[in-house]
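Colleague: Contents of entry_29.pdb (PDB, C-alpha atoms (C1' of nucleotides)) are below:
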```
ATOM      1  CA  MET A   1       0.000   0.000   0.000
ATOM      2  CA  GLN A   2       2.864   2.363  -0.846
ATOM      3  CA  LYS A   3       2.145   5.798  -2.135
ATOM      4  CA  THR A   4       2.901   6.273  -5.816
ATOM      5  CA  PHE A   5       2.926   9.251  -8.160
ATOM      6  CA  SER A   6       1.846   9.855 -11.721
ATOM      7  CA  ILE A   7       4.171  11.544 -14.141
ATOM      8  CA  SER A   8       2.272  14.812 -13.945
ATOM      9  CA  ASP A   9       2.266  14.670 -10.144
ATOM     10  CA  LEU A  10       6.028  14.796 -10.163
ATOM     11  CA  ALA A  11       6.205  17.242 -13.042
ATOM     12  CA  GLN A  12       4.027  19.685 -11.166
ATOM     13  CA  GLU A  13       5.716  19.198  -7.831
ATOM     14  CA  PHE A  14       9.177  19.859  -9.210
ATOM     15  CA  GLY A  15       8.307  22.340 -11.912
ATOM     16  CA  VAL A  16       9.548  20.320 -14.862
ATOM     17  CA  THR A  17       7.780  18.967 -17.939
ATOM     18  CA  THR A  18       6.695  15.380 -18.377
ATOM     19  CA  ARG A  19       9.100  15.226 -21.286
ATOM     20  CA  THR A  20      11.946  15.851 -18.896
ATOM     21  CA  ILE A  21      10.873  12.999 -16.666
ATOM     22  CA  ARG A  22      10.481  10.613 -19.585
ATOM     23  CA  PHE A  23      13.903  11.663 -20.765
ATOM     24  CA  TYR A  24      15.402  10.791 -17.386
ATOM     25  CA  GLU A  25      13.764   7.394 -17.540
ATOM     26  CA  GLU A  26      15.077   6.901 -21.060
ATOM     27  CA  LYS A  27      18.568   7.551 -19.724
ATOM     28  CA  GLY A  28      18.048   5.045 -16.936
ATOM     29  CA  LEU A  29      17.935   7.565 -14.095
ATOM     30  CA  LEU A  30      14.384   6.627 -13.127
ATOM     31  CA  ASN A  31      12.703   3.216 -13.204
ATOM     32  CA  PRO A  32       8.963   3.645 -12.692
ATOM     33  CA  SER A  33       6.807   0.542 -12.664
ATOM     34  CA  ARG A  34       3.852   0.285 -15.025
ATOM     35  CA  ASP A  35       0.136   0.345 -14.442
ATOM     36  CA  GLY A  36      -0.933  -0.808 -17.862
ATOM     37  CA  PRO A  37       0.833   1.593 -20.147
ATOM     38  CA  HIS A  38       1.022   4.274 -17.446
ATOM     39  CA  ARG A  39       4.079   4.993 -15.334
ATOM     40  CA  ARG A  40       3.828   4.701 -11.556
ATOM     41  CA  PHE A  41       6.616   6.423  -9.656
ATOM     42  CA  SER A  42       7.635   5.266  -6.196
ATOM     43  CA  ALA A  43       8.848   7.425  -3.339
ATOM     44  CA  GLY A  44      12.339   6.296  -4.279
ATOM     45  CA  ASP A  45      11.893   7.580  -7.808
ATOM     46  CA  ARG A  46      10.698  10.865  -6.398
ATOM     47  CA  THR A  47      13.792  11.157  -4.249
ATOM     48  CA  LYS A  48      16.014  10.390  -7.200
ATOM     49  CA  LEU A  49      14.304  13.058  -9.247
ATOM     50  CA  ARG A  50      14.857  15.540  -6.460
ATOM     51  CA  LEU A  51      18.540  14.657  -6.348
ATOM     52  CA  ILE A  52      18.901  14.911 -10.115
ATOM     53  CA  LEU A  53      17.378  18.369 -10.165
ATOM     54  CA  ARG A  54      19.496  19.549  -7.289
ATOM     55  CA  GLY A  55      22.537  18.208  -9.093
ATOM     56  CA  LYS A  56      21.542  20.210 -12.140
ATOM     57  CA  ARG A  57      21.351  23.404 -10.129
ATOM     58  CA  LEU A  58      24.868  22.673  -8.921
ATOM     59  CA  GLY A  59      26.110  22.222 -12.462
ATOM     60  CA  LEU A  60      26.347  18.438 -12.507
ATOM     61  CA  SER A  61      25.600  16.589 -15.708
ATOM     62  CA  LEU A  62      22.944  13.896 -15.643
ATOM     63  CA  ASP A  63      25.655  11.265 -15.838
ATOM     64  CA  GLU A  64      27.375  12.733 -12.808
ATOM     65  CA  SER A  65      24.148  12.836 -10.860
ATOM     66  CA  ALA A  66      23.476   9.253 -11.833
ATOM     67  CA  GLU A  67      26.876   8.278 -10.547
ATOM     68  CA  ILE A  68      26.346  10.027  -7.238
ATOM     69  CA  ILE A  69      22.877   8.585  -6.788
ATOM     70  CA  GLY A  70      24.354   5.169  -7.400
ATOM     71  CA  MET A  71      26.596   5.728  -4.383
ATOM     72  CA  TYR A  72      23.669   6.139  -2.034
ATOM     73  CA  GLY A  73      22.198   2.646  -2.337
ATOM     74  CA  THR A  74      23.099  -0.244  -0.067
ATOM     75  CA  PRO A  75      26.747  -1.035  -0.691
ATOM     76  CA  GLY A  76      27.650  -4.466  -2.063
ATOM     77  CA  ASN A  77      29.101  -7.269  -0.012
ATOM     78  CA  ASN A  78      32.206  -7.807  -2.048
ATOM     79  CA  ARG A  79      35.483  -6.496  -0.703
ATOM     80  CA  ARG A  80      36.819  -5.108  -3.958
ATOM     81  CA  GLN A  81      33.498  -3.493  -4.827
ATOM     82  CA  LEU A  82      33.453  -1.752  -1.487
ATOM     83  CA  GLU A  83      36.934  -0.417  -1.915
ATOM     84  CA  THR A  84      36.177   0.848  -5.395
ATOM     85  CA  LEU A  85      33.005   2.503  -4.191
ATOM     86  CA  LEU A  86      34.772   4.101  -1.278
ATOM     87  CA  SER A  87      37.460   5.621  -3.451
ATOM     88  CA  ARG A  88      34.886   6.922  -5.907
ATOM     89  CA  ILE A  89      32.984   8.529  -3.070
ATOM     90  CA  GLU A  90      36.152  10.109  -1.764
ATOM     91  CA  GLU A  91      36.980  11.442  -5.194
ATOM     92  CA  LYS A  92      33.576  13.005  -5.719
ATOM     93  CA  ARG A  93      33.589  14.448  -2.261
ATOM     94  CA  ALA A  94      36.919  16.124  -2.909
ATOM     95  CA  GLU A  95      35.561  17.552  -6.147
ATOM     96  CA  LEU A  96      32.550  18.962  -4.395
ATOM     97  CA  MET A  97      34.667  20.508  -1.677
ATOM     98  CA  VAL A  98      36.687  22.327  -4.311
ATOM     99  CA  ARG A  99      33.454  23.660  -5.706
ATOM    100  CA  ARG A 100      32.406  24.812  -2.299
ATOM    101  CA  ARG A 101      35.572  26.805  -1.885
ATOM    102  CA  GLU A 102      35.100  28.376  -5.295
ATOM    103  CA  LEU A 103      31.528  29.209  -4.491
ATOM    104  CA  ASP A 104      32.584  30.838  -1.239
ATOM    105  CA  ALA A 105      35.168  32.886  -3.105
ATOM    106  CA  MET A 106      32.535  34.068  -5.546
ATOM    107  CA  LEU A 107      30.224  35.006  -2.688
ATOM    108  CA  ARG A 108      32.956  37.044  -1.046
ATOM    109  CA  GLU A 109      33.598  38.887  -4.288
ATOM    110  CA  MET A 110      29.943  39.732  -4.577
ATOM    111  CA  GLU A 111      29.874  41.066  -1.050
ATOM    112  CA  GLN A 112      32.780  43.281  -1.973
ATOM    113  CA  ALA A 113      30.953  44.510  -5.070
ATOM    114  CA  GLU A 114      27.964  45.242  -2.889
ATOM    115  CA  ARG A 115      30.070  47.299  -0.491
ATOM    116  CA  LYS A 116      31.555  49.283  -3.355
ATOM    117  CA  CYS A 117      28.069  49.938  -4.596
ATOM    118  CA  ARG A 118      26.848  51.150  -1.213
ATOM    119  CA  THR A 119      29.880  53.374  -0.808
ATOM    120  CA  ALA A 120      29.164  54.988  -4.161
ATOM    121  CA  MET A 121      25.580  55.620  -3.095
ATOM    122  CA  ASN A 122      26.694  57.176   0.159
ATOM    123  CA  GLU A 123      28.976  59.534  -1.702
ATOM    124  CA  LEU A 124      26.090  60.566  -3.899
ATOM    125  CA  ASP A 125      24.078  61.313  -0.764
ATOM    126  CA  ALA A 126      26.930  63.283   0.791
ATOM    127  CA  ASN A 127      27.280  65.494  -2.305
ATOM    128  CA  ALA A 128      23.580  66.272  -2.390
TER     129      ALA A 128
ATOM    130  CA  MET B 129      54.613  48.571 -20.093
ATOM    131  CA  GLN B 130      51.775  46.320 -18.980
ATOM    132  CA  LYS B 131      52.127  42.619 -19.273
ATOM    133  CA  THR B 132      50.005  41.016 -21.958
ATOM    134  CA  PHE B 133      49.278  37.464 -22.990
ATOM    135  CA  SER B 134      48.886  35.667 -26.291
ATOM    136  CA  ILE B 135      45.918  33.449 -26.902
ATOM    137  CA  SER B 136      47.978  30.306 -26.444
ATOM    138  CA  ASP B 137      49.479  31.666 -23.238
ATOM    139  CA  LEU B 138      46.037  31.797 -21.711
ATOM    140  CA  ALA B 139      44.912  28.563 -23.332
ATOM    141  CA  GLN B 140      47.816  26.721 -21.799
ATOM    142  CA  GLU B 141      47.572  28.380 -18.407
ATOM    143  CA  PHE B 142      43.898  27.533 -18.005
ATOM    144  CA  GLY B 143      43.804  24.254 -19.883
ATOM    145  CA  VAL B 144      41.349  25.289 -22.557
ATOM    146  CA  THR B 145      41.656  25.459 -26.334
ATOM    147  CA  THR B 146      42.198  28.627 -28.303
ATOM    148  CA  ARG B 147      38.829  28.002 -29.894
ATOM    149  CA  THR B 148      37.226  28.372 -26.498
ATOM    150  CA  ILE B 149      38.900  31.722 -25.925
ATOM    151  CA  ARG B 150      37.906  33.007 -29.362
ATOM    152  CA  PHE B 151      34.398  31.854 -28.662
ATOM    153  CA  TYR B 152      34.303  33.872 -25.448
ATOM    154  CA  GLU B 153      35.500  36.923 -27.324
ATOM    155  CA  GLU B 154      32.866  36.321 -29.991
ATOM    156  CA  LYS B 155      30.267  36.377 -27.236
ATOM    157  CA  GLY B 156      31.664  39.628 -25.866
ATOM    158  CA  LEU B 157      33.071  38.162 -22.652
ATOM    159  CA  LEU B 158      36.631  39.113 -23.526
ATOM    160  CA  ASN B 159      37.911  42.166 -25.386
ATOM    161  CA  PRO B 160      41.565  41.687 -26.276
ATOM    162  CA  SER B 161      43.326  44.474 -28.122
ATOM    163  CA  ARG B 162      45.091  43.763 -31.373
ATOM    164  CA  ASP B 163      48.708  43.674 -32.330
ATOM    165  CA  GLY B 164      48.258  43.636 -36.065
ATOM    166  CA  PRO B 165      45.937  40.694 -36.590
ATOM    167  CA  HIS B 166      46.974  39.023 -33.337
ATOM    168  CA  ARG B 167      45.084  39.236 -30.064
ATOM    169  CA  ARG B 168      46.780  40.719 -27.021
ATOM    170  CA  PHE B 169      45.099  39.902 -23.733
ATOM    171  CA  SER B 170      45.469  42.185 -20.726
ATOM    172  CA  ALA B 171      45.643  41.146 -17.095
ATOM    173  CA  GLY B 172      41.989  42.142 -16.870
ATOM    174  CA  ASP B 173      41.088  39.754 -19.678
ATOM    175  CA  ARG B 174      42.988  37.050 -17.881
ATOM    176  CA  THR B 175      41.026  37.680 -14.705
ATOM    177  CA  LYS B 176      37.758  37.595 -16.606
ATOM    178  CA  LEU B 177      38.706  34.287 -18.177
ATOM    179  CA  ARG B 178      39.488  32.890 -14.758
ATOM    180  CA  LEU B 179      36.094  34.018 -13.478
ATOM    181  CA  ILE B 180      34.283  32.575 -16.488
ATOM    182  CA  LEU B 181      35.909  29.188 -16.031
ATOM    183  CA  ARG B 182      35.197  29.169 -12.330
ATOM    184  CA  GLY B 183      31.602  30.036 -13.103
ATOM    185  CA  LYS B 184      31.444  27.098 -15.480
ATOM    186  CA  ARG B 185      32.639  24.722 -12.793
ATOM    187  CA  LEU B 186      29.863  26.056 -10.587
ATOM    188  CA  GLY B 187      27.273  25.404 -13.259
ATOM    189  CA  LEU B 188      26.777  28.975 -14.437
ATOM    190  CA  SER B 189      26.056  29.641 -18.090
ATOM    191  CA  LEU B 190      28.330  32.019 -19.953
ATOM    192  CA  ASP B 191      25.596  34.619 -19.889
ATOM    193  CA  GLU B 192      25.316  34.341 -16.120
ATOM    194  CA  SER B 193      29.053  34.652 -15.699
ATOM    195  CA  ALA B 194      29.030  37.682 -17.962
ATOM    196  CA  GLU B 195      26.358  39.241 -15.806
ATOM    197  CA  ILE B 196      28.281  38.622 -12.622
ATOM    198  CA  ILE B 197      31.532  39.891 -14.079
ATOM    199  CA  GLY B 198      29.701  43.027 -15.117
ATOM    200  CA  MET B 199      28.904  43.621 -11.448
ATOM    201  CA  TYR B 200      32.542  43.792 -10.462
ATOM    202  CA  GLY B 201      33.533  46.876 -12.454
ATOM    203  CA  THR B 202      33.408  50.391 -11.072
ATOM    204  CA  PRO B 203      29.778  51.185 -10.393
ATOM    205  CA  GLY B 204      28.168  54.061 -12.321
ATOM    206  CA  ASN B 205      27.479  57.484 -10.863
ATOM    207  CA  ASN B 206      23.786  57.552 -11.536
ATOM    208  CA  ARG B 207      21.422  56.961  -8.661
ATOM    209  CA  ARG B 208      18.992  54.694 -10.466
ATOM    210  CA  GLN B 209      21.778  52.660 -12.014
ATOM    211  CA  LEU B 210      23.285  52.105  -8.603
ATOM    212  CA  GLU B 211      20.020  50.936  -7.141
ATOM    213  CA  THR B 212      19.409  48.574 -10.037
ATOM    214  CA  LEU B 213      22.904  47.171  -9.742
ATOM    215  CA  LEU B 214      22.552  46.735  -6.015
ATOM    216  CA  SER B 215      19.346  44.784  -6.317
ATOM    217  CA  ARG B 216      20.796  42.588  -9.044
ATOM    218  CA  ILE B 217      23.779  41.862  -6.857
ATOM    219  CA  GLU B 218      21.512  40.997  -3.954
ATOM    220  CA  GLU B 219      19.486  38.688  -6.140
ATOM    221  CA  LYS B 220      22.498  36.815  -7.457
ATOM    222  CA  ARG B 221      23.974  36.574  -4.016
ATOM    223  CA  ALA B 222      20.787  35.015  -2.698
ATOM    224  CA  GLU B 223      20.820  32.510  -5.555
ATOM    225  CA  LEU B 224      24.389  31.538  -4.817
ATOM    226  CA  MET B 225      23.643  31.107  -1.129
ATOM    227  CA  VAL B 226      20.876  28.674  -2.003
ATOM    228  CA  ARG B 227      23.347  26.743  -4.067
ATOM    229  CA  ARG B 228      25.753  26.703  -1.205
ATOM    230  CA  ARG B 229      23.183  25.162   1.088
ATOM    231  CA  GLU B 230      22.351  22.544  -1.524
ATOM    232  CA  LEU B 231      26.003  21.762  -2.009
ATOM    233  CA  ASP B 232      26.431  21.348   1.730
ATOM    234  CA  ALA B 233      23.471  19.002   1.819
ATOM    235  CA  MET B 234      24.977  16.907  -0.941
ATOM    236  CA  LEU B 235      28.298  16.790   0.877
ATOM    237  CA  ARG B 236      26.607  15.576   4.050
ATOM    238  CA  GLU B 237      24.850  12.836   2.119
ATOM    239  CA  MET B 238      28.113  11.688   0.665
ATOM    240  CA  GLU B 239      29.682  11.563   4.088
ATOM    241  CA  GLN B 240      26.814   9.388   5.174
ATOM    242  CA  ALA B 241      27.325   7.092   2.170
ATOM    243  CA  GLU B 242      30.977   6.887   3.097
ATOM    244  CA  ARG B 243      30.170   5.877   6.654
ATOM    245  CA  LYS B 244      27.817   3.158   5.428
ATOM    246  CA  CYS B 245      30.535   1.915   3.180
ATOM    247  CA  ARG B 246      33.083   1.778   5.975
ATOM    248  CA  THR B 247      30.635   0.019   8.249
ATOM    249  CA  ALA B 248      30.064  -2.638   5.612
ATOM    250  CA  MET B 249      33.803  -3.148   5.289
ATOM    251  CA  ASN B 250      34.218  -3.489   9.027
ATOM    252  CA  GLU B 251      31.549  -6.143   9.108
ATOM    253  CA  LEU B 252      33.370  -8.040   6.419
ATOM    254  CA  ASP B 253      36.505  -7.879   8.525
ATOM    255  CA  ALA B 254      34.669  -9.037  11.625
ATOM    256  CA  ASN B 255      33.257 -12.093   9.826
ATOM    257  CA  ALA B 256      36.666 -13.099   8.507
TER     258      ALA B 256
ATOM    259  C1'  DG C 257      63.592  31.894 -50.089
ATOM    260  C1'  DA C 258      61.786  27.843 -48.128
ATOM    261  C1'  DT C 259      60.116  25.996 -43.879
ATOM    262  C1'  DG C 260      57.811  25.801 -39.643
ATOM    263  C1'  DA C 261      55.332  27.738 -35.762
ATOM    264  C1'  DA C 262      51.822  30.532 -34.226
ATOM    265  C1'  DC C 263      48.188  33.065 -35.489
ATOM    266  C1'  DT C 264      44.004  34.384 -38.281
ATOM    267  C1'  DT C 265      38.952  33.853 -40.329
ATOM    268  C1'  DT C 266      35.146  31.106 -42.037
ATOM    269  C1'  DA C 267      32.146  27.579 -41.674
ATOM    270  C1'  DC C 268      30.153  23.263 -40.852
ATOM    271  C1'  DG C 269      29.817  19.384 -37.130
ATOM    272  C1'  DT C 270      28.778  17.579 -32.419
ATOM    273  C1'  DT C 271      26.824  16.596 -27.763
ATOM    274  C1'  DA C 272      23.718  17.168 -23.839
ATOM    275  C1'  DA C 273      19.325  18.115 -22.440
ATOM    276  C1'  DC C 274      15.476  18.636 -23.449
ATOM    277  C1'  DG C 275      11.244  21.095 -26.721
ATOM    278  C1'  DT C 276       7.641  20.281 -29.779
ATOM    279  C1'  DA C 277       4.498  18.126 -32.762
ATOM    280  C1'  DA C 278       1.953  14.161 -34.543
ATOM    281  C1'  DA C 279      -0.845  10.349 -33.936
ATOM    282  C1'  DC C 280      -2.871   7.252 -30.894
ATOM    283  C1'  DG C 281      -5.282   4.789 -26.472
ATOM    284  C1'  DA C 282      -7.948   4.790 -22.041
ATOM    285  C1'  DT C 283     -11.242   6.695 -19.043
ATOM    286  C1'  DA C 284     -14.530   9.871 -16.821
ATOM    287  C1'  DG C 285     -18.447  12.953 -17.288
ATOM    288  C1'  DC C 286     -22.238  14.982 -19.860
TER     289       DC C 286
ATOM    290  C1'  DG D 287     -21.778   8.263 -28.075
ATOM    291  C1'  DC D 288     -19.136  12.571 -27.911
ATOM    292  C1'  DT D 289     -15.653  15.189 -25.804
ATOM    293  C1'  DA D 290     -12.078  16.375 -22.615
ATOM    294  C1'  DT D 291      -8.310  14.912 -19.873
ATOM    295  C1'  DC D 292      -4.421  12.350 -19.119
ATOM    296  C1'  DG D 293      -1.484   9.372 -20.666
ATOM    297  C1'  DT D 294       1.392   6.905 -24.398
ATOM    298  C1'  DT D 295       5.187   6.342 -28.342
ATOM    299  C1'  DT D 296       7.891   8.059 -32.193
ATOM    300  C1'  DA D 297      10.513  11.329 -34.237
ATOM    301  C1'  DC D 298      12.410  15.491 -35.724
ATOM    302  C1'  DG D 299      13.896  20.352 -33.885
ATOM    303  C1'  DT D 300      16.595  23.487 -30.856
ATOM    304  C1'  DT D 301      20.159  25.790 -27.946
ATOM    305  C1'  DA D 302      24.611  26.329 -25.612
ATOM    306  C1'  DA D 303      29.214  25.598 -25.858
ATOM    307  C1'  DC D 304      32.330  24.486 -28.069
ATOM    308  C1'  DG D 305      35.139  20.829 -31.790
ATOM    309  C1'  DT D 306      37.197  20.393 -36.107
ATOM    310  C1'  DA D 307      38.734  21.208 -40.604
ATOM    311  C1'  DA D 308      40.109  24.223 -44.420
ATOM    312  C1'  DA D 309      42.612  27.869 -46.212
ATOM    313  C1'  DG D 310      45.312  31.849 -45.600
ATOM    314  C1'  DT D 311      48.848  35.286 -43.038
ATOM    315  C1'  DT D 312      52.992  36.656 -40.430
ATOM    316  C1'  DC D 313      57.364  36.127 -38.580
ATOM    317  C1'  DA D 314      61.654  33.968 -37.137
ATOM    318  C1'  DT D 315      65.153  30.943 -38.720
ATOM    319  C1'  DC D 316      67.838  27.998 -41.351
TER     320       DC D 316
END
```
Is it possible to express this structure as structure tokens?

Modeller:
Amino acid sequence: MQKTFSISDLAQEFGVTTRTIRFYEEKGLLNPSRDGPHRRFSAGDRTKLRLILRGKRLGLSLDESAEIIGMYGTPGNNRRQLETLLSRIEEKRAELMVRRRELDAMLREMEQAERKCRTAMNELDANA
Amino acid sequence: MQKTFSISDLAQEFGVTTRTIRFYEEKGLLNPSRDGPHRRFSAGDRTKLRLILRGKRLGLSLDESAEIIGMYGTPGNNRRQLETLLSRIEEKRAELMVRRRELDAMLREMEQAERKCRTAMNELDANA
DNA sequence: GATGAACTTTACGTTAACGTAAACGATAGC
DNA sequence: GCTATCGTTTACGTTAACGTAAAGTTCATC
């Protein structure tokens, strides 16, 4: 008795078109079950969609998001698989931390631009 | 006697092709002067290129990067212009802060995945 | 003065991520 | 039984951000 979602449910909730969702399925990022010809999305699919869209906002490609999502599942039971997974996680995490630093730098620069702007406005006021 | 850079200087320094740099000029993101037919890039151009490429890594489009770079120059002297600029800066800054929160969330999730992975490995060790 | 390296312009090609349109099926309400 | 709504598949179109190839120029150097 799990809750499921239609394609337009998800499209509306996340502000994307149904075409987008079908495209993600086509690429293997989503695996809805079928109710006749109609897609039925699980809560897991919904979560994946949320992660994909967040990844997009952060500048990740769909393939990158797929890779990251793949890291979230239950890890395998094989030693070598676990080690491979762990190193891939570490690698991605390092990448993301670099991005975070760059983002922080950009934010600081914008704060500086804002200060310059306010200073210029104050000077206008002073000369009025 | 300012230092300038050739197109291949910058291409090599930043690990992009010359085509990429010409493309950015074509789009108005860079404005090198000319030495005969050859482009001469100033330190300012170099900085802009650096900002563009950083923007790309953060998932910004070239147009978005251009907009942000435009915010860094010396602000105008007109009151209305200043107010417009200030609100655009504020808007972009808010956007970037949202991204930062999302990036942090993703990083936390990856740390969690890493812990799960390590736990699984420890269990393998224990049962050996 | 021929060669090679670095540069130029012009122009068509490519990939990711969808948009858009056509043509069709199921189902609910009037 | 007609129509509207929601879904389906198939297939070609579009945009951003370059890649790639062709054909020519300039300048140092052998």

Colleague: Do you have the atom CA of B:Thr145-atom CA of B:Lys131 distance handy?

Modeller: 21.3 Å

Colleague: Any idea what's packed within 12 Å of B:Arg229, counting all atoms listed in the file, ignoring anything in its chain fewer than 5 positions away? Could you give it as a list in words?

Modeller: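 Counting all atoms listed in the file, the residues come to Arg54, Arg57, Leu58, Arg100, Leu103 and Asp104 of chain A; Ala222, Glu223, Leu224, Met234, Leu235 and Arg236 of chain B.
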
Colleague: Write out as a list in words every residue belonging to chain C that has an atom at most 9 Å from any atom of chain A, counting all atoms listed in the file.

Modeller: DA272, DA273, DC274 and DG275 of chain C

Colleague: Is it possible to see chain B as a tab-separated table (two decimals) with C-alpha atoms, in the coordinates of the input, once it has been laid onto chain A by a least-squares fit on every C-alpha atom in order?

Modeller:
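That gives us selection_0.tsv:
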```
chain	number	residue	atom	x	y	z
B	129	MET	CA	-0.02	0.06	0.04
B	130	GLN	CA	2.87	2.35	-0.86
B	131	LYS	CA	2.17	5.77	-2.16
B	132	THR	CA	2.93	6.27	-5.83
B	133	PHE	CA	2.94	9.25	-8.15
B	134	SER	CA	1.86	9.85	-11.72
B	135	ILE	CA	4.17	11.55	-14.14
B	136	SER	CA	2.26	14.80	-13.94
B	137	ASP	CA	2.26	14.66	-10.15
B	138	LEU	CA	6.02	14.78	-10.17
B	139	ALA	CA	6.18	17.24	-13.05
B	140	GLN	CA	4.01	19.67	-11.17
B	141	GLU	CA	5.70	19.18	-7.82
B	142	PHE	CA	9.16	19.85	-9.21
B	143	GLY	CA	8.28	22.34	-11.92
B	144	VAL	CA	9.52	20.33	-14.86
B	145	THR	CA	7.75	18.98	-17.92
B	146	THR	CA	6.68	15.39	-18.38
B	147	ARG	CA	9.08	15.24	-21.29
B	148	THR	CA	11.93	15.87	-18.90
B	149	ILE	CA	10.86	13.00	-16.66
B	150	ARG	CA	10.48	10.62	-19.59
B	151	PHE	CA	13.89	11.69	-20.76
B	152	TYR	CA	15.40	10.81	-17.39
B	153	GLU	CA	13.77	7.41	-17.54
B	154	GLU	CA	15.07	6.94	-21.08
B	155	LYS	CA	18.55	7.59	-19.73
B	156	GLY	CA	18.04	5.06	-16.95
B	157	LEU	CA	17.94	7.57	-14.10
B	158	LEU	CA	14.40	6.64	-13.13
B	159	ASN	CA	12.70	3.25	-13.23
B	160	PRO	CA	8.97	3.67	-12.69
B	161	SER	CA	6.81	0.56	-12.68
B	162	ARG	CA	3.85	0.31	-14.99
B	163	ASP	CA	0.16	0.34	-14.40
B	164	GLY	CA	-0.92	-0.86	-17.80
B	165	PRO	CA	0.79	1.59	-20.12
B	166	HIS	CA	1.02	4.29	-17.45
B	167	ARG	CA	4.07	5.01	-15.33
B	168	ARG	CA	3.84	4.70	-11.56
B	169	PHE	CA	6.63	6.42	-9.67
B	170	SER	CA	7.65	5.25	-6.21
B	171	ALA	CA	8.87	7.41	-3.35
B	172	GLY	CA	12.37	6.29	-4.30
B	173	ASP	CA	11.91	7.58	-7.84
B	174	ARG	CA	10.70	10.84	-6.41
B	175	THR	CA	13.81	11.13	-4.26
B	176	LYS	CA	16.03	10.38	-7.22
B	177	LEU	CA	14.31	13.06	-9.26
B	178	ARG	CA	14.86	15.53	-6.46
B	179	LEU	CA	18.55	14.64	-6.35
B	180	ILE	CA	18.91	14.91	-10.13
B	181	LEU	CA	17.37	18.37	-10.17
B	182	ARG	CA	19.50	19.53	-7.29
B	183	GLY	CA	22.54	18.21	-9.11
B	184	LYS	CA	21.53	20.21	-12.16
B	185	ARG	CA	21.35	23.40	-10.14
B	186	LEU	CA	24.86	22.66	-8.92
B	187	GLY	CA	26.11	22.24	-12.46
B	188	LEU	CA	26.34	18.45	-12.52
B	189	SER	CA	25.59	16.60	-15.73
B	190	LEU	CA	22.93	13.91	-15.66
B	191	ASP	CA	25.63	11.29	-15.86
B	192	GLU	CA	27.37	12.74	-12.82
B	193	SER	CA	24.15	12.84	-10.87
B	194	ALA	CA	23.47	9.25	-11.84
B	195	GLU	CA	26.88	8.29	-10.56
B	196	ILE	CA	26.35	10.03	-7.26
B	197	ILE	CA	22.89	8.59	-6.80
B	198	GLY	CA	24.36	5.17	-7.41
B	199	MET	CA	26.60	5.73	-4.39
B	200	TYR	CA	23.68	6.14	-2.04
B	201	GLY	CA	22.19	2.65	-2.36
B	202	THR	CA	23.10	-0.23	-0.09
B	203	PRO	CA	26.74	-1.01	-0.70
B	204	GLY	CA	27.64	-4.46	-2.08
B	205	ASN	CA	29.09	-7.27	0.00
B	206	ASN	CA	32.20	-7.81	-2.03
B	207	ARG	CA	35.47	-6.49	-0.69
B	208	ARG	CA	36.81	-5.10	-3.94
B	209	GLN	CA	33.51	-3.48	-4.81
B	210	LEU	CA	33.46	-1.76	-1.46
B	211	GLU	CA	36.94	-0.41	-1.89
B	212	THR	CA	36.18	0.85	-5.38
B	213	LEU	CA	33.01	2.51	-4.18
B	214	LEU	CA	34.79	4.10	-1.26
B	215	SER	CA	37.47	5.62	-3.43
B	216	ARG	CA	34.90	6.92	-5.90
B	217	ILE	CA	33.00	8.51	-3.06
B	218	GLU	CA	36.17	10.11	-1.75
B	219	GLU	CA	36.99	11.44	-5.18
B	220	LYS	CA	33.58	13.00	-5.71
B	221	ARG	CA	33.59	14.43	-2.25
B	222	ALA	CA	36.92	16.11	-2.89
B	223	GLU	CA	35.58	17.56	-6.13
B	224	LEU	CA	32.54	18.96	-4.39
B	225	MET	CA	34.67	20.50	-1.66
B	226	VAL	CA	36.68	22.33	-4.30
B	227	ARG	CA	33.46	23.66	-5.70
B	228	ARG	CA	32.40	24.78	-2.30
B	229	ARG	CA	35.56	26.80	-1.85
B	230	GLU	CA	35.10	28.37	-5.27
B	231	LEU	CA	31.51	29.21	-4.48
B	232	ASP	CA	32.59	30.83	-1.23
B	233	ALA	CA	35.17	32.87	-3.09
B	234	MET	CA	32.55	34.06	-5.53
B	235	LEU	CA	30.23	34.99	-2.68
B	236	ARG	CA	32.96	37.04	-1.03
B	237	GLU	CA	33.60	38.88	-4.27
B	238	MET	CA	29.96	39.73	-4.58
B	239	GLU	CA	29.88	41.05	-1.06
B	240	GLN	CA	32.79	43.26	-1.97
B	241	ALA	CA	30.97	44.50	-5.08
B	242	GLU	CA	27.98	45.24	-2.89
B	243	ARG	CA	30.07	47.28	-0.49
B	244	LYS	CA	31.55	49.29	-3.35
B	245	CYS	CA	28.08	49.93	-4.60
B	246	ARG	CA	26.85	51.14	-1.23
B	247	THR	CA	29.88	53.36	-0.82
B	248	ALA	CA	29.17	54.98	-4.16
B	249	MET	CA	25.58	55.62	-3.11
B	250	ASN	CA	26.67	57.17	0.15
B	251	GLU	CA	28.96	59.52	-1.70
B	252	LEU	CA	26.09	60.57	-3.89
B	253	ASP	CA	24.08	61.31	-0.78
B	254	ALA	CA	26.92	63.28	0.78
B	255	ASN	CA	27.28	65.49	-2.31
B	256	ALA	CA	23.57	66.25	-2.41
```

Colleague: Tell me as an MDAnalysis selection string which residues belonging to chain A come within 6 Å of chain B, counting all atoms listed in the file.

Modeller: chainID A and resid 58:59 72 113

Colleague: Between atom CA of A:Gly28 and atom CA of A:Asp9, measure the distance and give it in Å to one decimal.

Modeller: 19.7 Å

Colleague: Could you spell out the hits of the PyMOL selection byres ((chain D) within 9 of (chain A)) on the shown file, as a PDB file with C-alpha atoms (C1' of nucleotides), keeping the file's coordinate frame?

Modeller:
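Result saved to out31.pdb:
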```
ATOM      1  C1'  DC D 292      -4.421  12.350 -19.119  1.00  0.00           C
ATOM      2  C1'  DG D 293      -1.484   9.372 -20.666  1.00  0.00           C
ATOM      3  C1'  DT D 294       1.392   6.905 -24.398  1.00  0.00           C
TER       4       DT D 294
END
```
